[in-house]
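K.L.:
Take a look at data-v6.pdb, PDB, C-alpha atoms and all ligand atoms:
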ATOM      1  CA  MET A   1      12.104 -14.675  16.022
ATOM      2  CA  THR A   2       9.920 -12.081  14.515
ATOM      3  CA  LEU A   3       9.015 -11.799  10.869
ATOM      4  CA  ASN A   4       8.081  -8.118  11.084
ATOM      5  CA  ALA A   5      10.387  -5.638   9.424
ATOM      6  CA  PHE A   6      10.416  -1.921  10.210
ATOM      7  CA  SER A   7      11.849   0.485   7.656
ATOM      8  CA  VAL A   8      12.539   4.187   7.349
ATOM      9  CA  ASP A   9      13.056   5.887   3.977
ATOM     10  CA  LEU A  10      15.658   8.484   4.934
ATOM     11  CA  GLU A  11      14.830  11.655   3.016
ATOM     12  CA  GLU A  12      13.771  15.289   3.493
ATOM     13  CA  TYR A  13      10.212  16.629   3.189
ATOM     14  CA  PHE A  14      11.231  18.288  -0.091
ATOM     15  CA  HIS A  15      12.366  15.042  -1.762
ATOM     16  CA  VAL A  16       8.911  13.482  -2.075
ATOM     17  CA  SER A  17       7.466  12.773  -5.521
ATOM     18  CA  ASN A  18       4.374  14.805  -4.613
ATOM     19  CA  PHE A  19       6.495  17.985  -4.681
ATOM     20  CA  ALA A  20       8.744  17.025  -7.613
ATOM     21  CA  SER A  21       7.048  19.441 -10.020
ATOM     22  CA  LEU A  22       6.906  22.161  -7.361
ATOM     23  CA  ILE A  23      10.407  22.230  -5.896
ATOM     24  CA  GLU A  24      13.326  22.401  -8.336
ATOM     25  CA  ARG A  25      16.200  20.061  -7.524
ATOM     26  CA  SER A  26      18.567  23.000  -7.812
ATOM     27  CA  ARG A  27      16.837  24.509  -4.743
ATOM     28  CA  TRP A  28      17.285  21.478  -2.488
ATOM     29  CA  ASP A  29      20.513  22.720  -0.941
ATOM     30  CA  ALA A  30      18.958  26.089  -0.130
ATOM     31  CA  LEU A  31      15.945  24.654   1.732
ATOM     32  CA  PRO A  32      15.953  24.246   5.515
ATOM     33  CA  SER A  33      16.965  20.705   6.477
ATOM     34  CA  ARG A  34      14.602  18.922   8.904
ATOM     35  CA  VAL A  35      15.803  15.349   8.614
ATOM     36  CA  LYS A  36      18.114  15.118  11.640
ATOM     37  CA  ASP A  37      15.658  15.867  14.442
ATOM     38  CA  SER A  38      12.832  13.703  13.159
ATOM     39  CA  THR A  39      15.200  10.812  12.369
ATOM     40  CA  ARG A  40      16.628  10.968  15.895
ATOM     41  CA  ARG A  41      13.088  10.847  17.322
ATOM     42  CA  LEU A  42      12.355   7.779  15.208
ATOM     43  CA  LEU A  43      15.637   6.214  16.320
ATOM     44  CA  ASP A  44      14.841   6.911  19.971
ATOM     45  CA  ALA A  45      11.383   5.357  19.615
ATOM     46  CA  ILE A  46      12.793   2.266  17.886
ATOM     47  CA  ASP A  47      15.637   1.869  20.398
ATOM     48  CA  ALA A  48      13.417   2.482  23.446
ATOM     49  CA  THR A  49      11.206  -0.442  22.431
ATOM     50  CA  ARG A  50      14.250  -2.636  21.685
ATOM     51  CA  ASN A  51      13.345  -2.938  18.052
ATOM     52  CA  ARG A  52      15.695  -2.683  15.082
ATOM     53  CA  ALA A  53      15.038  -1.335  11.602
ATOM     54  CA  THR A  54      16.307  -0.892   8.061
ATOM     55  CA  PHE A  55      17.056   2.667   6.942
ATOM     56  CA  PHE A  56      16.821   3.096   3.167
ATOM     57  CA  VAL A  57      19.108   6.081   2.786
ATOM     58  CA  LEU A  58      18.975   8.554  -0.086
ATOM     59  CA  GLY A  59      22.502   9.090  -1.474
ATOM     60  CA  TRP A  60      21.884  12.847  -1.428
ATOM     61  CA  ILE A  61      21.297  12.614   2.341
ATOM     62  CA  ALA A  62      24.363  10.423   2.928
ATOM     63  CA  GLU A  63      26.568  13.071   1.273
ATOM     64  CA  ARG A  64      25.177  15.883   3.410
ATOM     65  CA  HIS A  65      24.589  14.068   6.702
ATOM     66  CA  PRO A  66      27.222  11.310   6.889
ATOM     67  CA  ALA A  67      27.390  11.526  10.692
ATOM     68  CA  LEU A  68      23.648  10.842  10.954
ATOM     69  CA  VAL A  69      23.953   7.758   8.732
ATOM     70  CA  ARG A  70      26.960   6.555  10.775
ATOM     71  CA  GLU A  71      24.980   7.057  13.977
ATOM     72  CA  ILE A  72      22.079   4.940  12.647
ATOM     73  CA  ALA A  73      24.498   2.125  11.773
ATOM     74  CA  ALA A  74      26.285   2.431  15.137
ATOM     75  CA  ARG A  75      22.918   2.064  16.904
ATOM     76  CA  GLY A  76      22.565  -1.384  15.342
ATOM     77  CA  HIS A  77      20.264  -0.738  12.398
ATOM     78  CA  GLU A  78      20.617  -1.950   8.831
ATOM     79  CA  ILE A  79      21.671   0.620   6.246
ATOM     80  CA  ALA A  80      20.254   0.150   2.749
ATOM     81  CA  CYS A  81      19.797   2.263  -0.385
ATOM     82  CA  HIS A  82      16.910   4.531  -1.532
ATOM     83  CA  GLY A  83      18.653   5.737  -4.717
ATOM     84  CA  TYR A  84      20.563   9.008  -5.065
ATOM     85  CA  GLY A  85      18.248  11.766  -6.221
ATOM     86  CA  HIS A  86      14.753  10.358  -5.541
ATOM     87  CA  GLU A  87      13.998   9.889  -9.229
ATOM     88  CA  LEU A  88      11.372   7.347 -10.263
ATOM     89  CA  VAL A  89      12.897   4.175 -11.705
ATOM     90  CA  TYR A  90      10.535   4.005 -14.694
ATOM     91  CA  GLU A  91      11.379   7.608 -15.561
ATOM     92  CA  LEU A  92      15.146   7.091 -15.270
ATOM     93  CA  GLY A  93      15.400   4.147 -17.688
ATOM     94  CA  PRO A  94      18.082   1.442 -17.333
ATOM     95  CA  GLU A  95      21.259   3.481 -17.926
ATOM     96  CA  ARG A  96      20.425   6.399 -15.677
ATOM     97  CA  PHE A  97      19.025   4.006 -13.059
ATOM     98  CA  ARG A  98      22.358   2.200 -12.908
ATOM     99  CA  ALA A  99      24.252   5.482 -12.602
ATOM    100  CA  ASP A 100      21.891   6.723  -9.853
ATOM    101  CA  LEU A 101      22.288   3.431  -7.990
ATOM    102  CA  ARG A 102      26.107   3.527  -8.148
ATOM    103  CA  ARG A 103      26.255   7.128  -7.036
ATOM    104  CA  ALA A 104      23.901   6.447  -4.110
ATOM    105  CA  ARG A 105      25.697   3.340  -2.985
ATOM    106  CA  ALA A 106      29.107   5.020  -3.125
ATOM    107  CA  ALA A 107      27.822   7.922  -0.994
ATOM    108  CA  ILE A 108      26.183   5.637   1.580
ATOM    109  CA  GLU A 109      29.144   3.256   1.837
ATOM    110  CA  GLN A 110      31.501   6.235   2.091
ATOM    111  CA  ALA A 111      29.461   7.474   5.077
ATOM    112  CA  THR A 112      29.214   4.146   6.927
ATOM    113  CA  GLY A 113      32.203   2.109   5.761
ATOM    114  CA  THR A 114      29.927  -0.921   5.448
ATOM    115  CA  VAL A 115      28.522  -2.734   2.416
ATOM    116  CA  VAL A 116      24.965  -1.939   1.328
ATOM    117  CA  ASN A 117      22.929  -4.739  -0.262
ATOM    118  CA  GLY A 118      19.249  -3.801   0.087
ATOM    119  CA  TYR A 119      17.288  -1.397  -2.117
ATOM    120  CA  ARG A 120      13.957   0.434  -2.102
ATOM    121  CA  ALA A 121      12.952   2.533  -5.093
ATOM    122  CA  PRO A 122      11.690   6.098  -4.583
ATOM    123  CA  SER A 123       7.876   5.968  -4.450
ATOM    124  CA  TYR A 124       7.931   2.166  -4.921
ATOM    125  CA  SER A 125       8.637   2.836  -8.618
ATOM    126  CA  ILE A 126       9.500  -0.703  -9.667
ATOM    127  CA  THR A 127       6.357  -1.498 -11.638
ATOM    128  CA  GLU A 128       5.563  -3.668 -14.658
ATOM    129  CA  ALA A 129       7.198  -0.950 -16.748
ATOM    130  CA  SER A 130      10.493  -1.142 -14.835
ATOM    131  CA  LEU A 131      11.008  -4.784 -13.874
ATOM    132  CA  TRP A 132      14.323  -4.575 -15.790
ATOM    133  CA  ALA A 133      15.618  -2.763 -12.699
ATOM    134  CA  LEU A 134      15.779  -6.090 -10.822
ATOM    135  CA  GLN A 135      18.432  -7.418 -13.209
ATOM    136  CA  ILE A 136      20.484  -4.251 -12.750
ATOM    137  CA  LEU A 137      20.196  -4.561  -8.968
ATOM    138  CA  VAL A 138      21.624  -8.093  -9.180
ATOM    139  CA  GLU A 139      24.426  -6.964 -11.490
ATOM    140  CA  GLU A 140      25.294  -4.192  -9.051
ATOM    141  CA  GLY A 141      25.550  -6.641  -6.156
ATOM    142  CA  PHE A 142      22.250  -6.022  -4.354
ATOM    143  CA  ARG A 143      20.792  -9.023  -2.552
ATOM    144  CA  TYR A 144      17.251  -7.840  -1.929
ATOM    145  CA  ASP A 145      14.679  -5.326  -3.095
ATOM    146  CA  SER A 146      11.596  -3.940  -1.332
ATOM    147  CA  SER A 147       9.954  -1.755  -3.966
ATOM    148  CA  ILE A 148       7.006  -3.735  -5.297
ATOM    149  CA  PHE A 149       3.597  -2.777  -3.900
ATOM    150  CA  PRO A 150       0.936  -5.336  -4.879
ATOM    151  CA  ILE A 151      -1.823  -2.741  -5.265
ATOM    152  CA  ARG A 152      -3.189  -0.367  -7.925
ATOM    153  CA  HIS A 153      -2.048   3.254  -7.518
ATOM    154  CA  HIS A 154      -1.488   6.009 -10.085
ATOM    155  CA  ARG A 155       2.241   6.229  -9.348
ATOM    156  CA  TYR A 156       3.203   2.696  -8.321
ATOM    157  CA  GLY A 157       2.035  -0.874  -7.768
ATOM    158  CA  ILE A 158       1.821  -4.247  -9.493
ATOM    159  CA  PRO A 159      -1.714  -5.482  -8.754
ATOM    160  CA  GLY A 160      -1.752  -9.235  -8.310
ATOM    161  CA  PHE A 161       1.963  -9.510  -7.436
ATOM    162  CA  ALA A 162       2.866 -11.885  -4.557
ATOM    163  CA  ARG A 163       1.911 -10.521  -1.116
ATOM    164  CA  ARG A 164       4.695 -12.436   0.615
ATOM    165  CA  PRO A 165       8.478 -12.310   0.129
ATOM    166  CA  VAL A 166       9.697 -14.336  -2.849
ATOM    167  CA  ARG A 167      12.896 -15.105  -4.708
ATOM    168  CA  ILE A 168      12.476 -13.647  -8.188
ATOM    169  CA  ARG A 169      14.290 -15.717 -10.804
ATOM    170  CA  LEU A 170      15.516 -13.529 -13.607
ATOM    171  CA  GLY A 171      16.936 -16.122 -15.987
ATOM    172  CA  GLY A 172      20.569 -17.103 -16.519
ATOM    173  CA  GLY A 173      20.779 -18.275 -12.908
ATOM    174  CA  ALA A 174      20.305 -14.731 -11.538
ATOM    175  CA  ALA A 175      17.819 -14.129  -8.720
ATOM    176  CA  ILE A 176      16.930 -11.439  -6.206
ATOM    177  CA  ARG A 177      14.871 -11.594  -3.029
ATOM    178  CA  GLU A 178      11.810  -9.322  -3.028
ATOM    179  CA  PHE A 179       9.997  -8.126   0.109
ATOM    180  CA  PRO A 180       6.712  -6.677  -1.260
ATOM    181  CA  LEU A 181       5.058  -3.898   0.738
ATOM    182  CA  THR A 182       2.494  -5.362   3.092
ATOM    183  CA  THR A 183      -1.146  -5.787   2.126
ATOM    184  CA  LEU A 184      -3.974  -7.789   3.656
ATOM    185  CA  ALA A 185      -6.406  -9.653   1.412
ATOM    186  CA  ALA A 186      -9.921  -8.563   2.373
ATOM    187  CA  GLY A 187     -12.408 -10.225   0.033
ATOM    188  CA  PRO A 188     -11.870  -8.764  -3.436
ATOM    189  CA  TRP A 189      -9.850  -5.889  -1.927
ATOM    190  CA  SER A 190      -6.283  -5.404  -0.846
ATOM    191  CA  LEU A 191      -5.825  -3.395   2.314
ATOM    192  CA  PRO A 192      -2.414  -1.650   2.189
ATOM    193  CA  LEU A 193      -0.760  -1.919   5.621
ATOM    194  CA  ALA A 194       2.779  -0.812   4.781
ATOM    195  CA  GLY A 195       2.842   2.345   6.868
ATOM    196  CA  GLY A 196       3.436   5.742   5.263
ATOM    197  CA  ALA A 197       0.268   7.418   4.030
ATOM    198  CA  TYR A 198      -1.751   4.316   4.929
ATOM    199  CA  LEU A 199      -0.707   4.625   8.559
ATOM    200  CA  ARG A 200      -1.727   8.297   8.504
ATOM    201  CA  PHE A 201      -5.056   7.801   6.698
ATOM    202  CA  LEU A 202      -6.478   4.533   8.048
ATOM    203  CA  PRO A 203      -8.031   4.572  11.522
ATOM    204  CA  PRO A 204      -5.319   3.256  13.921
ATOM    205  CA  SER A 205      -7.681   0.515  15.090
ATOM    206  CA  VAL A 206      -8.079  -0.800  11.525
ATOM    207  CA  PHE A 207      -4.347  -0.606  10.833
ATOM    208  CA  SER A 208      -3.405  -2.345  14.051
ATOM    209  CA  TRP A 209      -6.136  -4.991  13.615
ATOM    210  CA  GLY A 210      -4.923  -5.793  10.087
ATOM    211  CA  LEU A 211      -1.288  -6.031  11.085
ATOM    212  CA  GLY A 212      -2.238  -8.139  14.107
ATOM    213  CA  ARG A 213      -4.071 -10.575  11.852
ATOM    214  CA  LEU A 214      -1.027 -11.049   9.617
ATOM    215  CA  VAL A 215       1.288 -11.461  12.593
ATOM    216  CA  ALA A 216      -1.044 -13.999  14.227
ATOM    217  CA  ALA A 217      -1.059 -15.965  10.965
ATOM    218  CA  GLY A 218       2.763 -16.018  10.926
ATOM    219  CA  GLU A 219       2.932 -13.828   7.809
ATOM    220  CA  PRO A 220       5.975 -11.588   7.249
ATOM    221  CA  THR A 221       5.175  -7.838   7.292
ATOM    222  CA  VAL A 222       7.053  -4.664   6.473
ATOM    223  CA  LEU A 223       6.272  -1.158   7.675
ATOM    224  CA  CYS A 224       7.673   1.982   6.090
ATOM    225  CA  VAL A 225       7.845   5.421   7.712
ATOM    226  CA  HIS A 226       9.453   8.705   6.603
ATOM    227  CA  PRO A 227      11.087  11.218   8.974
ATOM    228  CA  TRP A 228       8.931  14.045   7.519
ATOM    229  CA  GLU A 229       5.789  12.111   8.493
ATOM    230  CA  ILE A 230       6.430  12.850  12.164
ATOM    231  CA  ASP A 231       7.347  16.507  11.557
ATOM    232  CA  PRO A 232       4.192  18.662  11.626
ATOM    233  CA  GLU A 233       6.347  21.829  11.812
ATOM    234  CA  GLN A 234       7.908  21.369   8.361
ATOM    235  CA  PRO A 235       7.643  24.319   5.937
ATOM    236  CA  ARG A 236       4.377  24.140   3.987
ATOM    237  CA  GLN A 237       4.394  24.032   0.181
ATOM    238  CA  ALA A 238       1.810  25.864  -1.892
ATOM    239  CA  SER A 239       0.534  22.751  -3.659
ATOM    240  CA  SER A 240      -2.829  21.561  -4.907
ATOM    241  CA  TRP A 241      -5.492  20.574  -2.388
ATOM    242  CA  LEU A 242      -5.061  16.877  -3.179
ATOM    243  CA  VAL A 243      -1.282  16.912  -2.709
ATOM    244  CA  ARG A 244      -1.663  18.881   0.516
ATOM    245  CA  VAL A 245      -4.088  16.309   1.921
ATOM    246  CA  ASN A 246      -1.809  13.470   0.839
ATOM    247  CA  HIS A 247       1.367  14.927   2.355
ATOM    248  CA  TYR A 248       0.147  16.764   5.459
ATOM    249  CA  HIS A 249      -2.785  14.680   6.716
ATOM    250  CA  ASN A 250      -2.336  13.580  10.344
ATOM    251  CA  LEU A 251       1.370  14.493  10.603
ATOM    252  CA  HIS A 252       0.747  15.510  14.219
ATOM    253  CA  ARG A 253      -0.670  12.056  14.994
ATOM    254  CA  THR A 254       1.815   9.822  13.211
ATOM    255  CA  GLU A 255       4.570   9.699  15.823
ATOM    256  CA  ALA A 256       2.142   8.378  18.454
ATOM    257  CA  ARG A 257       0.836   5.773  15.996
ATOM    258  CA  VAL A 258       4.365   4.630  15.176
ATOM    259  CA  ARG A 259       5.184   4.360  18.876
ATOM    260  CA  GLN A 260       2.085   2.227  19.493
ATOM    261  CA  LEU A 261       3.062  -0.195  16.746
ATOM    262  CA  LEU A 262       6.648  -0.361  18.039
ATOM    263  CA  GLU A 263       5.302  -1.221  21.471
ATOM    264  CA  ARG A 264       2.806  -3.791  20.295
ATOM    265  CA  PHE A 265       4.922  -5.725  17.764
ATOM    266  CA  ARG A 266       8.568  -6.808  17.523
ATOM    267  CA  PHE A 267      10.545  -5.595  14.536
ATOM    268  CA  VAL A 268      13.907  -6.410  12.943
ATOM    269  CA  PRO A 269      15.631  -5.236   9.719
ATOM    270  CA  LEU A 270      14.354  -6.532   6.359
ATOM    271  CA  GLY A 271      17.562  -8.400   5.598
ATOM    272  CA  GLU A 272      17.128 -10.470   8.774
ATOM    273  CA  VAL A 273      13.516 -11.389   7.999
ATOM    274  CA  LEU A 274      14.522 -12.520   4.506
ATOM    275  CA  ASP A 275      17.470 -14.556   5.863
ATOM    276  CA  GLN A 276      15.118 -16.253   8.319
ATOM    277  CA  LEU A 277      12.518 -17.059   5.680
ATOM    278  CA  GLU A 278      15.256 -18.455   3.469
ATOM    279  CA  ALA A 279      16.587 -20.624   6.305
ATOM    280  CA  GLN A 280      13.053 -21.931   6.933
ATOM    281  CA  GLY A 281      12.544 -22.735   3.244
ATOM    282  CA  ARG A 282       9.748 -20.138   3.095
ATOM    283  CA  LEU A 283      11.009 -18.070   0.196
ATOM    284  CA  PRO A 284       9.277 -19.510  -2.888
ATOM    285  CA  ASP A 285      10.658 -18.953  -6.386
ATOM    286  CA  LEU A 286       8.820 -16.628  -8.735
ATOM    287  CA  ASP A 287       9.762 -16.825 -12.406
ATOM    288  CA  LEU A 288       9.487 -13.664 -14.425
ATOM    289  CA  ALA A 289       9.132 -14.088 -18.167
ATOM    290  CA  GLU A 290      11.930 -12.553 -20.266
ATOM    291  CA  ARG A 291       9.337 -10.400 -21.964
ATOM    292  CA  GLU A 292       8.560  -8.723 -18.648
ATOM    293  CA  LEU A 293      12.204  -8.047 -17.915
ATOM    294  CA  ALA A 294      13.076  -6.483 -21.275
ATOM    295  CA  ALA A 295      13.975  -2.831 -21.034
TER     296      ALA A 295
HETATM  297 ZN    ZN D   1      11.276   8.211  -0.777
END
Step by step, read the file and then write its structure as structure tokens.
Ligand SMILES: [Zn+2]

P.N.:
Amino acid sequence: MTLNAFSVDLEEYFHVSNFASLIERSRWDALPSRVKDSTRRLLDAIDATRNRATFFVLGWIAERHPALVREIAARGHEIACHGYGHELVYELGPERFRADLRRARAAIEQATGTVVNGYRAPSYSITEASLWALQILVEEGFRYDSSIFPIRHHRYGIPGFARRPVRIRLGGGAAIREFPLTTLAAGPWSLPLAGGAYLRFLPPSVFSWGLGRLVAAGEPTVLCVHPWEIDPEQPRQASSWLVRVNHYHNLHRTEARVRQLLERFRFVPLGEVLDQLEAQGRLPDLDLAERELAA
């Protein structure tokens, strides 16, 4: 069995944090939707290579495209939760986070009729400032999280966090499984190999070499791709140079890169990798101090 997980964060090009200050939420419904076509192309690529994936669905998308979410589930993929309105966890705070989570889950479960128990925060926004979110996830019935990126970044990341999946013990007997976004230790550096911008920016040979090294060593990996990353025709936003580079770089090359990875490696949903690791006794406990979990 494979220990590689493939994931898609199911959202529109206008949901990304990079455009949050540029595109008012109230305009979302008026903007042209692009999510269906690019998601179907991702689905076709995943299915054609006999892989399976986890789709972290935004509640907002589930309400507007329930048939698409049903189709993903019917094609054998895992449906999980990406929050409702793509708001950063550390900006929401505990109460609004819980409300956002409930609203998202209700919308997704309404669309699919199945239970959702995996979560990924918008822009990996579970950081040291928002570790309290893990307790809320447990209280709301979630069984795993994949939001912690063990790197330093201005918007996300917990540098020094475990690179491999762990069971985070939260005190009082509560625990949640965490699948951190994939990095490769390279001397004093951490090479992020979790897909997304890193798949678009790193030379494909470097990305593929790094992932191959982890796979050869029997390490679990997780890739993350967004439908808008394979959609070079999406409407362009008048943003700063830096944001433009970050969002639009190599969009016309990403689909081919994703296809190459799908052909080279075998992928299954995150929940299955975690179940396997648990069955093999390879999910070590990580204790978080109460201080870190306080809201
Ligand atoms: Zn997202």

K.L.:
Might you pull out every residue within 7 Å of Ser38 (chain A), with only C-alpha atoms counted and same-chain residues fewer than 3 positions away left off, and present them as a ChimeraX atom specification?

P.N.:
/A:34-35,41-42,227-228,230-231

K.L.:
Check what the PyMOL selection byres (((chain A and resi 279-282) around 12) and not hetatm) selects in the file above and give those residues as JSON, numbers by chain.

P.N.:
{"A": [1, 3, 164, 165, 166, 167, 177, 218, 219, 220, 272, 273, 274, 275, 276, 277, 278, 283, 284, 285]}

K.L.:
Using only C-alpha atoms, which residue out of A:Pro66, A:Gly118, A:Pro150, A:Gly76 lies closest to Ile46 (chain A)?

P.N.:
A:Gly76

K.L.:
Starting from the shown file, work through the PyMOL selection byres (((not hetatm)) within 10 of (chain D and resi 1)) and note down what comes out as a ChimeraX atom specification.

P.N.:
/A:8-13,15-17,56-58,82-83,85-88,120-125,224-226

K.L.:
Using all atoms listed in the file, which residue out of A:Ala67, A:Val138, A:Pro94, A:Thr127 lies closest to Gln110 (chain A)?

P.N.:
A:Ala67

K.L.:
Do you know which residues the PyMOL selection byres (((chain A and resi 259) around 10) and not hetatm) returns on this file, as an NGL selection string?

P.N.:
:A and (42 or 45-46 or 48-49 or 254-258 or 260-264)

K.L.:
Do a neighbour search on Asp145 (chain A) at 9 Å with all atoms listed in the file, toss out local chain neighbours closer than 2 positions, and write the hits as an NGL selection string.

P.N.:
:A and (117-121 or 134 or 137 or 142-143 or 147-148 or 176-180)

K.L.:
Hey, can you check how far CA of Arg75 (chain A) sits from CA of Ala53 (chain A)?

P.N.:
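So the two atoms, CA of Arg75 (chain A) and CA of Ala53 (chain A), lie 10.1 Å apart.
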
K.L.:
By how many Å are CA of Leu43 (chain A) and CA of His77 (chain A) apart?

P.N.:
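CA of His77 (chain A) lies at a distance of 9.2 Å from CA of Leu43 (chain A).
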
K.L.:
Just how far from CA of Ser146 (chain A) is CA of Ala185 (chain A), in Å to one decimal?

P.N.:
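If I compute the distance from CA of Ala185 (chain A) to CA of Ser146 (chain A), I get 19.1 Å.
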
K.L.:
Give as an MDAnalysis selection string each residue that has an atom at most 7 Å from (24.9, 4.9, 2.1) in the file, counting all atoms listed in the file.

P.N.:
chainID A and resid 57 59 62 79:81 104:112 116

K.L.:
Given the choices A:Ile126, A:His252, A:Trp60, A:Leu131, which gets closest to Arg169 (chain A) if the distance is worked out from all atoms listed in the file?

P.N.:
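Among the listed residues, the smallest separation from Arg169 (chain A) belongs to A:Leu131.
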